[in-house]
Every structure is written in structure tokens, then in C-alpha cells.
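Novice: The following file, query21.csv, comprises CSV, N, CA and C atoms:
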```csv
chain,number,residue,atom,x,y,z
N,19,MET,N,122.5,82.9,101.7
N,19,MET,CA,121.8,83.9,102.4
N,19,MET,C,120.9,83.3,103.4
N,20,HIS,N,120.9,83.8,104.6
N,20,HIS,CA,120.0,83.4,105.7
N,20,HIS,C,119.1,84.5,106.0
N,21,LEU,N,117.8,84.3,105.9
N,21,LEU,CA,116.7,85.3,106.2
N,21,LEU,C,116.0,84.9,107.5
N,22,GLU,N,115.7,86.0,108.2
N,22,GLU,CA,115.0,85.8,109.5
N,22,GLU,C,113.8,86.8,109.4
N,23,PRO,N,112.8,86.4,108.6
N,23,PRO,CA,111.6,87.3,108.6
N,23,PRO,C,110.8,87.4,109.9
N,24,VAL,N,110.1,88.5,110.0
N,24,VAL,CA,109.3,88.7,111.2
N,24,VAL,C,107.8,88.7,110.8
N,25,TYR,N,107.0,88.0,111.5
N,25,TYR,CA,105.6,87.9,111.1
N,25,TYR,C,104.8,88.9,112.0
N,26,ILE,N,104.2,89.9,111.3
N,26,ILE,CA,103.4,91.0,112.0
N,26,ILE,C,102.1,91.2,111.3
N,27,SER,N,101.0,91.1,112.0
N,27,SER,CA,99.7,91.4,111.4
N,27,SER,C,99.4,90.6,110.1
N,28,GLY,N,99.8,89.3,110.1
N,28,GLY,CA,99.5,88.5,109.0
N,28,GLY,C,100.4,88.6,107.8
N,29,VAL,N,101.5,89.3,107.9
N,29,VAL,CA,102.5,89.5,106.8
N,29,VAL,C,103.9,89.3,107.3
N,30,TRP,N,104.7,88.7,106.4
N,30,TRP,CA,106.2,88.5,106.7
N,30,TRP,C,106.9,89.8,106.3
N,31,TRP,N,107.9,90.2,107.2
N,31,TRP,CA,108.7,91.4,106.9
N,31,TRP,C,110.2,91.1,107.1
N,32,LEU,N,111.0,91.8,106.4
N,32,LEU,CA,112.5,91.7,106.5
N,32,LEU,C,113.0,93.0,107.0
N,33,ASP,N,114.1,93.0,107.8
N,33,ASP,CA,114.7,94.2,108.2
N,33,ASP,C,115.5,94.8,107.0
N,34,LEU,N,116.0,96.0,107.2
N,34,LEU,CA,116.7,96.7,106.2
N,34,LEU,C,117.9,96.0,105.7
N,35,THR,N,118.7,95.4,106.5
N,35,THR,CA,119.9,94.7,106.1
N,35,THR,C,119.6,93.5,105.3
N,36,GLN,N,118.6,92.7,105.7
N,36,GLN,CA,118.3,91.5,104.9
N,36,GLN,C,117.6,91.8,103.6
N,37,ALA,N,116.8,92.9,103.6
N,37,ALA,CA,116.2,93.3,102.3
N,37,ALA,C,117.2,93.8,101.3
N,38,ALA,N,118.2,94.6,101.8
N,38,ALA,CA,119.2,95.1,101.0
N,38,ALA,C,120.1,94.0,100.4
N,39,GLU,N,120.4,93.0,101.3
N,39,GLU,CA,121.2,91.8,100.8
N,39,GLU,C,120.4,91.1,99.7
N,40,MET,N,119.2,90.9,99.9
N,40,MET,CA,118.4,90.1,98.9
N,40,MET,C,118.3,90.9,97.6
N,41,LEU,N,118.4,92.2,97.6
N,41,LEU,CA,118.3,93.0,96.4
N,41,LEU,C,119.7,93.4,95.9
N,42,SER,N,120.7,92.9,96.5
N,42,SER,CA,122.1,93.3,96.2
N,42,SER,C,122.3,94.8,96.1
N,43,LEU,N,121.8,95.5,97.2
N,43,LEU,CA,122.0,96.9,97.4
N,43,LEU,C,122.6,97.1,98.7
N,44,SER,N,123.2,98.3,98.9
N,44,SER,CA,123.7,98.6,100.2
N,44,SER,C,122.5,99.1,101.1
N,45,PRO,N,122.5,98.8,102.4
N,45,PRO,CA,121.4,99.2,103.2
N,45,PRO,C,121.2,100.8,103.1
N,46,ALA,N,122.2,101.5,103.0
N,46,ALA,CA,122.0,103.0,102.9
N,46,ALA,C,121.3,103.4,101.6
N,47,SER,N,121.6,102.7,100.5
N,47,SER,CA,121.0,103.0,99.2
N,47,SER,C,119.5,102.6,99.3
N,48,LEU,N,119.2,101.4,99.9
N,48,LEU,CA,117.8,101.0,100.0
N,48,LEU,C,117.0,101.9,100.9
N,49,LYS,N,117.6,102.4,102.0
N,49,LYS,CA,116.9,103.3,102.9
N,49,LYS,C,116.6,104.6,102.2
N,50,ARG,N,117.5,105.1,101.3
N,50,ARG,CA,117.3,106.4,100.6
N,50,ARG,C,116.3,106.2,99.5
N,51,HIS,N,116.2,105.1,98.9
N,51,HIS,CA,115.4,105.0,97.6
N,51,HIS,C,114.3,103.9,97.7
N,52,TYR,N,113.9,103.4,98.9
N,52,TYR,CA,112.9,102.4,98.9
N,52,TYR,C,111.5,102.8,98.4
N,53,VAL,N,111.2,104.1,98.5
N,53,VAL,CA,109.9,104.6,97.9
N,53,VAL,C,109.9,104.4,96.4
N,54,ALA,N,111.0,104.7,95.8
N,54,ALA,CA,111.1,104.6,94.3
N,54,ALA,C,111.0,103.1,93.9
N,55,TYR,N,111.4,102.2,94.7
N,55,TYR,CA,111.3,100.8,94.4
N,55,TYR,C,109.9,100.2,94.7
N,56,ASP,N,109.0,101.1,95.2
N,56,ASP,CA,107.6,100.7,95.5
N,56,ASP,C,107.5,99.5,96.5
N,57,LEU,N,108.3,99.6,97.6
N,57,LEU,CA,108.3,98.6,98.6
N,57,LEU,C,107.5,99.1,99.8
N,58,ASP,N,106.6,98.2,100.2
N,58,ASP,CA,105.8,98.5,101.4
N,58,ASP,C,106.7,98.4,102.7
N,59,SER,N,106.6,99.4,103.6
N,59,SER,CA,107.5,99.3,104.7
N,59,SER,C,106.7,99.8,106.0
N,60,ILE,N,107.2,99.4,107.1
N,60,ILE,CA,106.7,99.8,108.4
N,60,ILE,C,107.9,100.0,109.3
N,61,VAL,N,107.7,100.8,110.4
N,61,VAL,CA,108.7,100.9,111.4
N,61,VAL,C,108.1,100.2,112.7
N,62,TRP,N,108.9,99.2,113.2
N,62,TRP,CA,108.4,98.4,114.3
N,62,TRP,C,109.5,98.4,115.3
N,63,HIS,N,109.2,99.0,116.5
N,63,HIS,CA,110.2,99.1,117.6
N,63,HIS,C,111.5,99.8,117.0
N,64,HIS,N,111.4,100.9,116.3
N,64,HIS,CA,112.4,101.7,115.7
N,64,HIS,C,113.3,101.0,114.7
N,65,VAL,N,112.7,99.9,114.1
N,65,VAL,CA,113.4,99.1,113.0
N,65,VAL,C,112.6,99.3,111.7
N,66,LEU,N,113.2,99.7,110.7
N,66,LEU,CA,112.6,99.8,109.4
N,66,LEU,C,112.5,98.4,108.8
N,67,LEU,N,111.2,97.9,108.5
N,67,LEU,CA,111.0,96.6,107.9
N,67,LEU,C,110.3,96.8,106.5
N,68,PHE,N,110.7,95.8,105.7
N,68,PHE,CA,110.1,95.8,104.3
N,68,PHE,C,109.3,94.5,104.1
N,69,ARG,N,108.2,94.6,103.4
N,69,ARG,CA,107.3,93.4,103.2
N,69,ARG,C,108.1,92.4,102.3
N,70,LEU,N,108.2,91.2,102.8
N,70,LEU,CA,108.9,90.1,102.1
N,70,LEU,C,108.4,89.9,100.7
N,71,ASP,N,107.1,89.9,100.5
N,71,ASP,CA,106.5,89.7,99.2
N,71,ASP,C,107.0,90.8,98.2
N,72,ASP,N,107.1,92.0,98.6
N,72,ASP,CA,107.5,93.1,97.8
N,72,ASP,C,109.0,92.9,97.4
N,73,VAL,N,109.8,92.6,98.4
N,73,VAL,CA,111.3,92.4,98.2
N,73,VAL,C,111.5,91.2,97.3
N,74,SER,N,110.8,90.1,97.5
N,74,SER,CA,110.9,89.0,96.6
N,74,SER,C,110.5,89.3,95.1
N,75,ARG,N,109.4,90.0,95.0
N,75,ARG,CA,109.0,90.4,93.6
N,75,ARG,C,110.0,91.3,92.9
N,76,LEU,N,110.5,92.3,93.7
N,76,LEU,CA,111.6,93.2,93.1
N,76,LEU,C,112.8,92.4,92.8
N,77,SER,N,113.2,91.5,93.7
N,77,SER,CA,114.4,90.7,93.4
N,77,SER,C,114.3,89.9,92.2
N,78,ALA,N,113.1,89.3,92.0
N,78,ALA,CA,112.9,88.5,90.8
N,78,ALA,C,112.9,89.3,89.5
N,79,ASP,N,112.3,90.5,89.6
N,79,ASP,CA,112.2,91.4,88.5
N,79,ASP,C,113.6,91.9,88.1
N,80,ARG,N,114.5,92.2,89.1
N,80,ARG,CA,115.8,92.6,88.8
N,80,ARG,C,116.6,91.5,88.2
N,81,LEU,N,116.4,90.3,88.7
N,81,LEU,CA,117.1,89.1,88.2
N,81,LEU,C,116.7,88.8,86.7
N,82,SER,N,115.5,88.9,86.4
N,82,SER,CA,115.0,88.7,85.0
N,82,SER,C,115.5,89.7,84.1
N,83,GLN,N,115.6,91.0,84.5
N,83,GLN,CA,116.1,92.1,83.7
N,83,GLN,C,117.6,91.9,83.5
N,84,ALA,N,118.3,91.4,84.5
N,84,ALA,CA,119.8,91.2,84.3
N,84,ALA,C,120.1,90.0,83.4
N,85,SER,N,119.2,89.1,83.4
N,85,SER,CA,119.4,87.9,82.5
N,85,SER,C,119.1,88.2,81.0
N,86,ARG,N,118.4,89.3,80.8
N,86,ARG,CA,118.1,89.7,79.4
N,86,ARG,C,119.3,90.4,78.8
N,87,HIS,N,120.1,90.9,79.6
N,87,HIS,CA,121.3,91.7,79.0
N,87,HIS,C,122.5,90.9,78.7
```
Produce C-alpha cells that represent the structure in this file.

Specialist:
Amino acid sequence: MHLEPVYISGVWWLDLTQAAEMLSLSPASLKRHYVAYDLDSIVWHHVLLFRLDDVSRLSADRLSQASRH
């Protein structure tokens, strides 16, 4: 996986496609449900971006839950 985060206002952000790939979700599913996942987001130049820290945390949580099953 190759990530190209964007640095805006002291924070690293991922676009929808990269965040979805990191979470093993479809971009459409992430776009519909990102509020339920408690991900901080912004729209920058008409592009939906997700805070890299939040995506990393959620990815690690999902991975640890999957390893318990």
C-alpha cells in the first residue's frame, strides 16, 4: 500500500480512496459511514480528507478485533 498524505494546518490527512484502502472498505461505504467510525474529516478543494491519526487508530482497532476471532 502506498500512501500520499497531505499536510494541512499541522495535521496529516488521507483522501477517501487511501483511507478506505487502509481500512479495507470500499470508498462508497466509508463515505456513507465515516461519522459512525468517529473519523475527523475536512473538505479541501472539493476533496474529502480523513485525519491520518484517526484512520490509523481505527485500522489498528479493527486488526486487533479480527485477530481475537

Novice: Please identify the helix (DSSP H, G or I) residues within chain N (assignment by DSSP from backbone atoms) and present them as a PyMOL selection string.

Specialist: chain N and resi 34-40+45-51+70-86

Novice: Compare N:Ala46, N:Val65, N:Leu81, N:Val53 by their minimum atom-to-atom distance to Leu32 of chain N, counting only N, CA and C atoms, and give me the closest one.

Specialist: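 Using only N, CA and C atoms, Leu32 of chain N sits closest to N:Val65.
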
Novice: For atom CA of Val73 of chain N and atom N of Leu41 of chain N, quote the distance in Å rounded to one decimal.

Specialist: 7.1 Å

Novice: With a distance cut-off of 8 Å and only N, CA and C atoms, select the neighbouring residues of Leu76 of chain N, excluding the residue or stretch itself and same-chain residues fewer than 4 positions from it, and output the selection as a list in words.

Specialist: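 Those residues are Met40, Leu41, Tyr55, Leu70, Asp71, Asp72, Arg80, Leu81 and Ser82 of chain N.
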
Novice: Dump N, CA and C atoms for the selected residues as a compact mmCIF listing (two decimals), keeping the file's coordinate frame?

Specialist:
```txt
# COMPACT_ATOMS: atom_id res chain seq x y z
N MET N 40 119.20 90.90 99.90
CA MET N 40 118.40 90.10 98.90
C MET N 40 118.30 90.90 97.60
N LEU N 41 118.40 92.20 97.60
CA LEU N 41 118.30 93.00 96.40
C LEU N 41 119.70 93.40 95.90
N TYR N 55 111.40 102.20 94.70
CA TYR N 55 111.30 100.80 94.40
C TYR N 55 109.90 100.20 94.70
N LEU N 70 108.20 91.20 102.80
CA LEU N 70 108.90 90.10 102.10
C LEU N 70 108.40 89.90 100.70
N ASP N 71 107.10 89.90 100.50
CA ASP N 71 106.50 89.70 99.20
C ASP N 71 107.00 90.80 98.20
N ASP N 72 107.10 92.00 98.60
CA ASP N 72 107.50 93.10 97.80
C ASP N 72 109.00 92.90 97.40
N ARG N 80 114.50 92.20 89.10
CA ARG N 80 115.80 92.60 88.80
C ARG N 80 116.60 91.50 88.20
N LEU N 81 116.40 90.30 88.70
CA LEU N 81 117.10 89.10 88.20
C LEU N 81 116.70 88.80 86.70
N SER N 82 115.50 88.90 86.40
CA SER N 82 115.00 88.70 85.00
C SER N 82 115.50 89.70 84.10
```

Novice: At a cut-off of 12 Å, using only C-alpha atoms, what residues contact Glu22 of chain N? Leave out same-chain residues fewer than 2 positions from it and give the result as a list in words.

Specialist: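 Here the answer would be Met19, His20, Val24, Tyr25, Trp30, Trp31, Leu32, Asp33, Leu34, Thr35, Gln36, Ala37, Met40, Leu67 and Leu70 of chain N.
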
Novice: Only N, CA and C atoms, please: the residues just picked out, written as a PDB file, in the coordinates of the input.

Specialist:
```
ATOM      1  N   MET N  19     122.500  82.900 101.700  1.00  0.00           N
ATOM      2  CA  MET N  19     121.800  83.900 102.400  1.00  0.00           C
ATOM      3  C   MET N  19     120.900  83.300 103.400  1.00  0.00           C
ATOM      4  N   HIS N  20     120.900  83.800 104.600  1.00  0.00           N
ATOM      5  CA  HIS N  20     120.000  83.400 105.700  1.00  0.00           C
ATOM      6  C   HIS N  20     119.100  84.500 106.000  1.00  0.00           C
ATOM      7  N   VAL N  24     110.100  88.500 110.000  1.00  0.00           N
ATOM      8  CA  VAL N  24     109.300  88.700 111.200  1.00  0.00           C
ATOM      9  C   VAL N  24     107.800  88.700 110.800  1.00  0.00           C
ATOM     10  N   TYR N  25     107.000  88.000 111.500  1.00  0.00           N
ATOM     11  CA  TYR N  25     105.600  87.900 111.100  1.00  0.00           C
ATOM     12  C   TYR N  25     104.800  88.900 112.000  1.00  0.00           C
ATOM     13  N   TRP N  30     104.700  88.700 106.400  1.00  0.00           N
ATOM     14  CA  TRP N  30     106.200  88.500 106.700  1.00  0.00           C
ATOM     15  C   TRP N  30     106.900  89.800 106.300  1.00  0.00           C
ATOM     16  N   TRP N  31     107.900  90.200 107.200  1.00  0.00           N
ATOM     17  CA  TRP N  31     108.700  91.400 106.900  1.00  0.00           C
ATOM     18  C   TRP N  31     110.200  91.100 107.100  1.00  0.00           C
ATOM     19  N   LEU N  32     111.000  91.800 106.400  1.00  0.00           N
ATOM     20  CA  LEU N  32     112.500  91.700 106.500  1.00  0.00           C
ATOM     21  C   LEU N  32     113.000  93.000 107.000  1.00  0.00           C
ATOM     22  N   ASP N  33     114.100  93.000 107.800  1.00  0.00           N
ATOM     23  CA  ASP N  33     114.700  94.200 108.200  1.00  0.00           C
ATOM     24  C   ASP N  33     115.500  94.800 107.000  1.00  0.00           C
ATOM     25  N   LEU N  34     116.000  96.000 107.200  1.00  0.00           N
ATOM     26  CA  LEU N  34     116.700  96.700 106.200  1.00  0.00           C
ATOM     27  C   LEU N  34     117.900  96.000 105.700  1.00  0.00           C
ATOM     28  N   THR N  35     118.700  95.400 106.500  1.00  0.00           N
ATOM     29  CA  THR N  35     119.900  94.700 106.100  1.00  0.00           C
ATOM     30  C   THR N  35     119.600  93.500 105.300  1.00  0.00           C
ATOM     31  N   GLN N  36     118.600  92.700 105.700  1.00  0.00           N
ATOM     32  CA  GLN N  36     118.300  91.500 104.900  1.00  0.00           C
ATOM     33  C   GLN N  36     117.600  91.800 103.600  1.00  0.00           C
ATOM     34  N   ALA N  37     116.800  92.900 103.600  1.00  0.00           N
ATOM     35  CA  ALA N  37     116.200  93.300 102.300  1.00  0.00           C
ATOM     36  C   ALA N  37     117.200  93.800 101.300  1.00  0.00           C
ATOM     37  N   MET N  40     119.200  90.900  99.900  1.00  0.00           N
ATOM     38  CA  MET N  40     118.400  90.100  98.900  1.00  0.00           C
ATOM     39  C   MET N  40     118.300  90.900  97.600  1.00  0.00           C
ATOM     40  N   LEU N  67     111.200  97.900 108.500  1.00  0.00           N
ATOM     41  CA  LEU N  67     111.000  96.600 107.900  1.00  0.00           C
ATOM     42  C   LEU N  67     110.300  96.800 106.500  1.00  0.00           C
ATOM     43  N   LEU N  70     108.200  91.200 102.800  1.00  0.00           N
ATOM     44  CA  LEU N  70     108.900  90.100 102.100  1.00  0.00           C
ATOM     45  C   LEU N  70     108.400  89.900 100.700  1.00  0.00           C
TER      46      LEU N  70
END
```

Novice: Between atom CA of Tyr52 of chain N and atom CA of Ala78 of chain N, what is the distance in Å, rounded to a tenth?

Specialist: 16.1 Å

Novice: List every residue of chain N that DSSP, applied to the backbone, labels as strand (DSSP E or B), and write the result as a PyMOL selection string.

Specialist: chain N and resi 24-26+29-33+59-62+65-69

Novice: Could you take the residues named above and write them with N, CA and C atoms, as a short mmCIF file (atom, residue, chain, number, x, y, z; two decimals), in the coordinates of the input?

Specialist:
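And here's again28.cif as it stands now:
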```
data_model
loop_
_atom_site.label_atom_id
_atom_site.label_comp_id
_atom_site.auth_asym_id
_atom_site.auth_seq_id
_atom_site.Cartn_x
_atom_site.Cartn_y
_atom_site.Cartn_z
N VAL N 24 110.10 88.50 110.00
CA VAL N 24 109.30 88.70 111.20
C VAL N 24 107.80 88.70 110.80
N TYR N 25 107.00 88.00 111.50
CA TYR N 25 105.60 87.90 111.10
C TYR N 25 104.80 88.90 112.00
N ILE N 26 104.20 89.90 111.30
CA ILE N 26 103.40 91.00 112.00
C ILE N 26 102.10 91.20 111.30
N VAL N 29 101.50 89.30 107.90
CA VAL N 29 102.50 89.50 106.80
C VAL N 29 103.90 89.30 107.30
N TRP N 30 104.70 88.70 106.40
CA TRP N 30 106.20 88.50 106.70
C TRP N 30 106.90 89.80 106.30
N TRP N 31 107.90 90.20 107.20
CA TRP N 31 108.70 91.40 106.90
C TRP N 31 110.20 91.10 107.10
N LEU N 32 111.00 91.80 106.40
CA LEU N 32 112.50 91.70 106.50
C LEU N 32 113.00 93.00 107.00
N ASP N 33 114.10 93.00 107.80
CA ASP N 33 114.70 94.20 108.20
C ASP N 33 115.50 94.80 107.00
N SER N 59 106.60 99.40 103.60
CA SER N 59 107.50 99.30 104.70
C SER N 59 106.70 99.80 106.00
N ILE N 60 107.20 99.40 107.10
CA ILE N 60 106.70 99.80 108.40
C ILE N 60 107.90 100.00 109.30
N VAL N 61 107.70 100.80 110.40
CA VAL N 61 108.70 100.90 111.40
C VAL N 61 108.10 100.20 112.70
N TRP N 62 108.90 99.20 113.20
CA TRP N 62 108.40 98.40 114.30
C TRP N 62 109.50 98.40 115.30
N VAL N 65 112.70 99.90 114.10
CA VAL N 65 113.40 99.10 113.00
C VAL N 65 112.60 99.30 111.70
N LEU N 66 113.20 99.70 110.70
CA LEU N 66 112.60 99.80 109.40
C LEU N 66 112.50 98.40 108.80
N LEU N 67 111.20 97.90 108.50
CA LEU N 67 111.00 96.60 107.90
C LEU N 67 110.30 96.80 106.50
N PHE N 68 110.70 95.80 105.70
CA PHE N 68 110.10 95.80 104.30
C PHE N 68 109.30 94.50 104.10
N ARG N 69 108.20 94.60 103.40
CA ARG N 69 107.30 93.40 103.20
C ARG N 69 108.10 92.40 102.30
#
```

Novice: Looking at only C-alpha atoms, which of N:Ser77, N:His64, N:Asp58, N:Gln83 is the one that sits closest to Val29 of chain N?

Specialist: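 With only C-alpha atoms as the atom set, the closest residue is N:Asp58.
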
Novice: What gap, in Å, lies between atom CA of Ser27 of chain N and atom CA of Arg75 of chain N?

Specialist: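 Value for the atom CA of Ser27 of chain N-atom CA of Arg75 of chain N distance: 20.1 Å.
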
Novice: Missing atoms in segment 53-64 of chain N should be modelled up to all heavy atoms and reported as a PDB file, in the frame of the given file.

Specialist:
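Saved result, rebuild.pdb, follows:
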```
ATOM      1  N   VAL N  53     111.200 104.100  98.500  1.00  0.00           N
ATOM      2  CA  VAL N  53     109.900 104.600  97.900  1.00  0.00           C
ATOM      3  C   VAL N  53     109.900 104.400  96.400  1.00  0.00           C
ATOM      4  O   VAL N  53     108.893 104.025  95.815  1.00  0.00           O
ATOM      5  CB  VAL N  53     109.651 106.032  98.359  1.00  0.00           C
ATOM      6  CG1 VAL N  53     108.411 106.585  97.691  1.00  0.00           C
ATOM      7  CG2 VAL N  53     109.523 106.122  99.866  1.00  0.00           C
ATOM      8  N   ALA N  54     111.000 104.700  95.800  1.00  0.00           N
ATOM      9  CA  ALA N  54     111.100 104.600  94.300  1.00  0.00           C
ATOM     10  C   ALA N  54     111.000 103.100  93.900  1.00  0.00           C
ATOM     11  O   ALA N  54     110.516 102.866  92.755  1.00  0.00           O
ATOM     12  CB  ALA N  54     112.422 105.166  93.807  1.00  0.00           C
ATOM     13  N   TYR N  55     111.400 102.200  94.700  1.00  0.00           N
ATOM     14  CA  TYR N  55     111.300 100.800  94.400  1.00  0.00           C
ATOM     15  C   TYR N  55     109.900 100.200  94.700  1.00  0.00           C
ATOM     16  O   TYR N  55     109.604  99.062  94.434  1.00  0.00           O
ATOM     17  CB  TYR N  55     112.282  99.953  95.200  1.00  0.00           C
ATOM     18  CG  TYR N  55     113.711 100.212  94.845  1.00  0.00           C
ATOM     19  CD1 TYR N  55     114.630 100.611  95.811  1.00  0.00           C
ATOM     20  CD2 TYR N  55     114.167 100.046  93.548  1.00  0.00           C
ATOM     21  CE1 TYR N  55     115.961 100.836  95.494  1.00  0.00           C
ATOM     22  CE2 TYR N  55     115.489 100.278  93.219  1.00  0.00           C
ATOM     23  CZ  TYR N  55     116.381 100.673  94.205  1.00  0.00           C
ATOM     24  OH  TYR N  55     117.691 100.895  93.886  1.00  0.00           O
ATOM     25  N   ASP N  56     109.000 101.100  95.200  1.00  0.00           N
ATOM     26  CA  ASP N  56     107.600 100.700  95.500  1.00  0.00           C
ATOM     27  C   ASP N  56     107.500  99.500  96.500  1.00  0.00           C
ATOM     28  O   ASP N  56     106.834  98.533  96.280  1.00  0.00           O
ATOM     29  CB  ASP N  56     106.844 100.328  94.204  1.00  0.00           C
ATOM     30  CG  ASP N  56     105.338 100.267  94.405  1.00  0.00           C
ATOM     31  OD1 ASP N  56     104.828 100.981  95.286  1.00  0.00           O
ATOM     32  OD2 ASP N  56     104.684  99.488  93.695  1.00  0.00           O
ATOM     33  N   LEU N  57     108.300  99.600  97.600  1.00  0.00           N
ATOM     34  CA  LEU N  57     108.300  98.600  98.600  1.00  0.00           C
ATOM     35  C   LEU N  57     107.500  99.100  99.800  1.00  0.00           C
ATOM     36  O   LEU N  57     107.659 100.206 100.299  1.00  0.00           O
ATOM     37  CB  LEU N  57     109.741  98.360  99.097  1.00  0.00           C
ATOM     38  CG  LEU N  57     110.701  97.766  98.088  1.00  0.00           C
ATOM     39  CD1 LEU N  57     112.106  97.700  98.669  1.00  0.00           C
ATOM     40  CD2 LEU N  57     110.245  96.389  97.662  1.00  0.00           C
ATOM     41  N   ASP N  58     106.600  98.200 100.200  1.00  0.00           N
ATOM     42  CA  ASP N  58     105.800  98.500 101.400  1.00  0.00           C
ATOM     43  C   ASP N  58     106.700  98.400 102.700  1.00  0.00           C
ATOM     44  O   ASP N  58     107.487  97.472 102.742  1.00  0.00           O
ATOM     45  CB  ASP N  58     104.625  97.550 101.529  1.00  0.00           C
ATOM     46  CG  ASP N  58     103.566  97.963 102.530  1.00  0.00           C
ATOM     47  OD1 ASP N  58     103.590  99.125 102.987  1.00  0.00           O
ATOM     48  OD2 ASP N  58     102.703  97.120 102.851  1.00  0.00           O
ATOM     49  N   SER N  59     106.600  99.400 103.600  1.00  0.00           N
ATOM     50  CA  SER N  59     107.500  99.300 104.700  1.00  0.00           C
ATOM     51  C   SER N  59     106.700  99.800 106.000  1.00  0.00           C
ATOM     52  O   SER N  59     105.677 100.436 105.884  1.00  0.00           O
ATOM     53  CB  SER N  59     108.686 100.225 104.532  1.00  0.00           C
ATOM     54  OG  SER N  59     108.268 101.570 104.422  1.00  0.00           O
ATOM     55  N   ILE N  60     107.200  99.400 107.100  1.00  0.00           N
ATOM     56  CA  ILE N  60     106.700  99.800 108.400  1.00  0.00           C
ATOM     57  C   ILE N  60     107.900 100.000 109.300  1.00  0.00           C
ATOM     58  O   ILE N  60     109.007  99.523 109.090  1.00  0.00           O
ATOM     59  CB  ILE N  60     105.749  98.802 109.076  1.00  0.00           C
ATOM     60  CG1 ILE N  60     106.433  97.458 109.345  1.00  0.00           C
ATOM     61  CG2 ILE N  60     104.495  98.624 108.240  1.00  0.00           C
ATOM     62  CD1 ILE N  60     105.602  96.494 110.187  1.00  0.00           C
ATOM     63  N   VAL N  61     107.700 100.800 110.400  1.00  0.00           N
ATOM     64  CA  VAL N  61     108.700 100.900 111.400  1.00  0.00           C
ATOM     65  C   VAL N  61     108.100 100.200 112.700  1.00  0.00           C
ATOM     66  O   VAL N  61     107.025 100.505 113.115  1.00  0.00           O
ATOM     67  CB  VAL N  61     109.016 102.391 111.765  1.00  0.00           C
ATOM     68  CG1 VAL N  61     109.976 102.490 112.931  1.00  0.00           C
ATOM     69  CG2 VAL N  61     109.591 103.075 110.534  1.00  0.00           C
ATOM     70  N   TRP N  62     108.900  99.200 113.200  1.00  0.00           N
ATOM     71  CA  TRP N  62     108.400  98.400 114.300  1.00  0.00           C
ATOM     72  C   TRP N  62     109.500  98.400 115.300  1.00  0.00           C
ATOM     73  O   TRP N  62     110.654  97.992 115.043  1.00  0.00           O
ATOM     74  CB  TRP N  62     108.146  96.986 113.787  1.00  0.00           C
ATOM     75  CG  TRP N  62     107.635  96.039 114.815  1.00  0.00           C
ATOM     76  CD1 TRP N  62     106.441  96.087 115.468  1.00  0.00           C
ATOM     77  CD2 TRP N  62     108.304  94.876 115.296  1.00  0.00           C
ATOM     78  NE1 TRP N  62     106.328  95.025 116.323  1.00  0.00           N
ATOM     79  CE2 TRP N  62     107.462  94.261 116.235  1.00  0.00           C
ATOM     80  CE3 TRP N  62     109.533  94.286 115.014  1.00  0.00           C
ATOM     81  CZ2 TRP N  62     107.804  93.103 116.905  1.00  0.00           C
ATOM     82  CZ3 TRP N  62     109.870  93.130 115.675  1.00  0.00           C
ATOM     83  CH2 TRP N  62     109.006  92.553 116.610  1.00  0.00           C
ATOM     84  N   HIS N  63     109.200  99.000 116.500  1.00  0.00           N
ATOM     85  CA  HIS N  63     110.200  99.100 117.600  1.00  0.00           C
ATOM     86  C   HIS N  63     111.500  99.800 117.000  1.00  0.00           C
ATOM     87  O   HIS N  63     112.626  99.315 117.266  1.00  0.00           O
ATOM     88  CB  HIS N  63     110.568  97.774 118.186  1.00  0.00           C
ATOM     89  CG  HIS N  63     109.431  97.177 118.932  1.00  0.00           C
ATOM     90  ND1 HIS N  63     109.130  97.526 120.219  1.00  0.00           N
ATOM     91  CD2 HIS N  63     108.493  96.276 118.557  1.00  0.00           C
ATOM     92  CE1 HIS N  63     108.072  96.851 120.629  1.00  0.00           C
ATOM     93  NE2 HIS N  63     107.652  96.088 119.633  1.00  0.00           N
ATOM     94  N   HIS N  64     111.400 100.900 116.300  1.00  0.00           N
ATOM     95  CA  HIS N  64     112.400 101.700 115.700  1.00  0.00           C
ATOM     96  C   HIS N  64     113.300 101.000 114.700  1.00  0.00           C
ATOM     97  O   HIS N  64     114.396 101.350 114.371  1.00  0.00           O
ATOM     98  CB  HIS N  64     113.384 102.172 116.846  1.00  0.00           C
ATOM     99  CG  HIS N  64     112.683 102.917 117.916  1.00  0.00           C
ATOM    100  ND1 HIS N  64     112.214 104.198 117.739  1.00  0.00           N
ATOM    101  CD2 HIS N  64     112.324 102.567 119.175  1.00  0.00           C
ATOM    102  CE1 HIS N  64     111.623 104.608 118.839  1.00  0.00           C
ATOM    103  NE2 HIS N  64     111.665 103.634 119.735  1.00  0.00           N
TER     104      HIS N  64
END
```
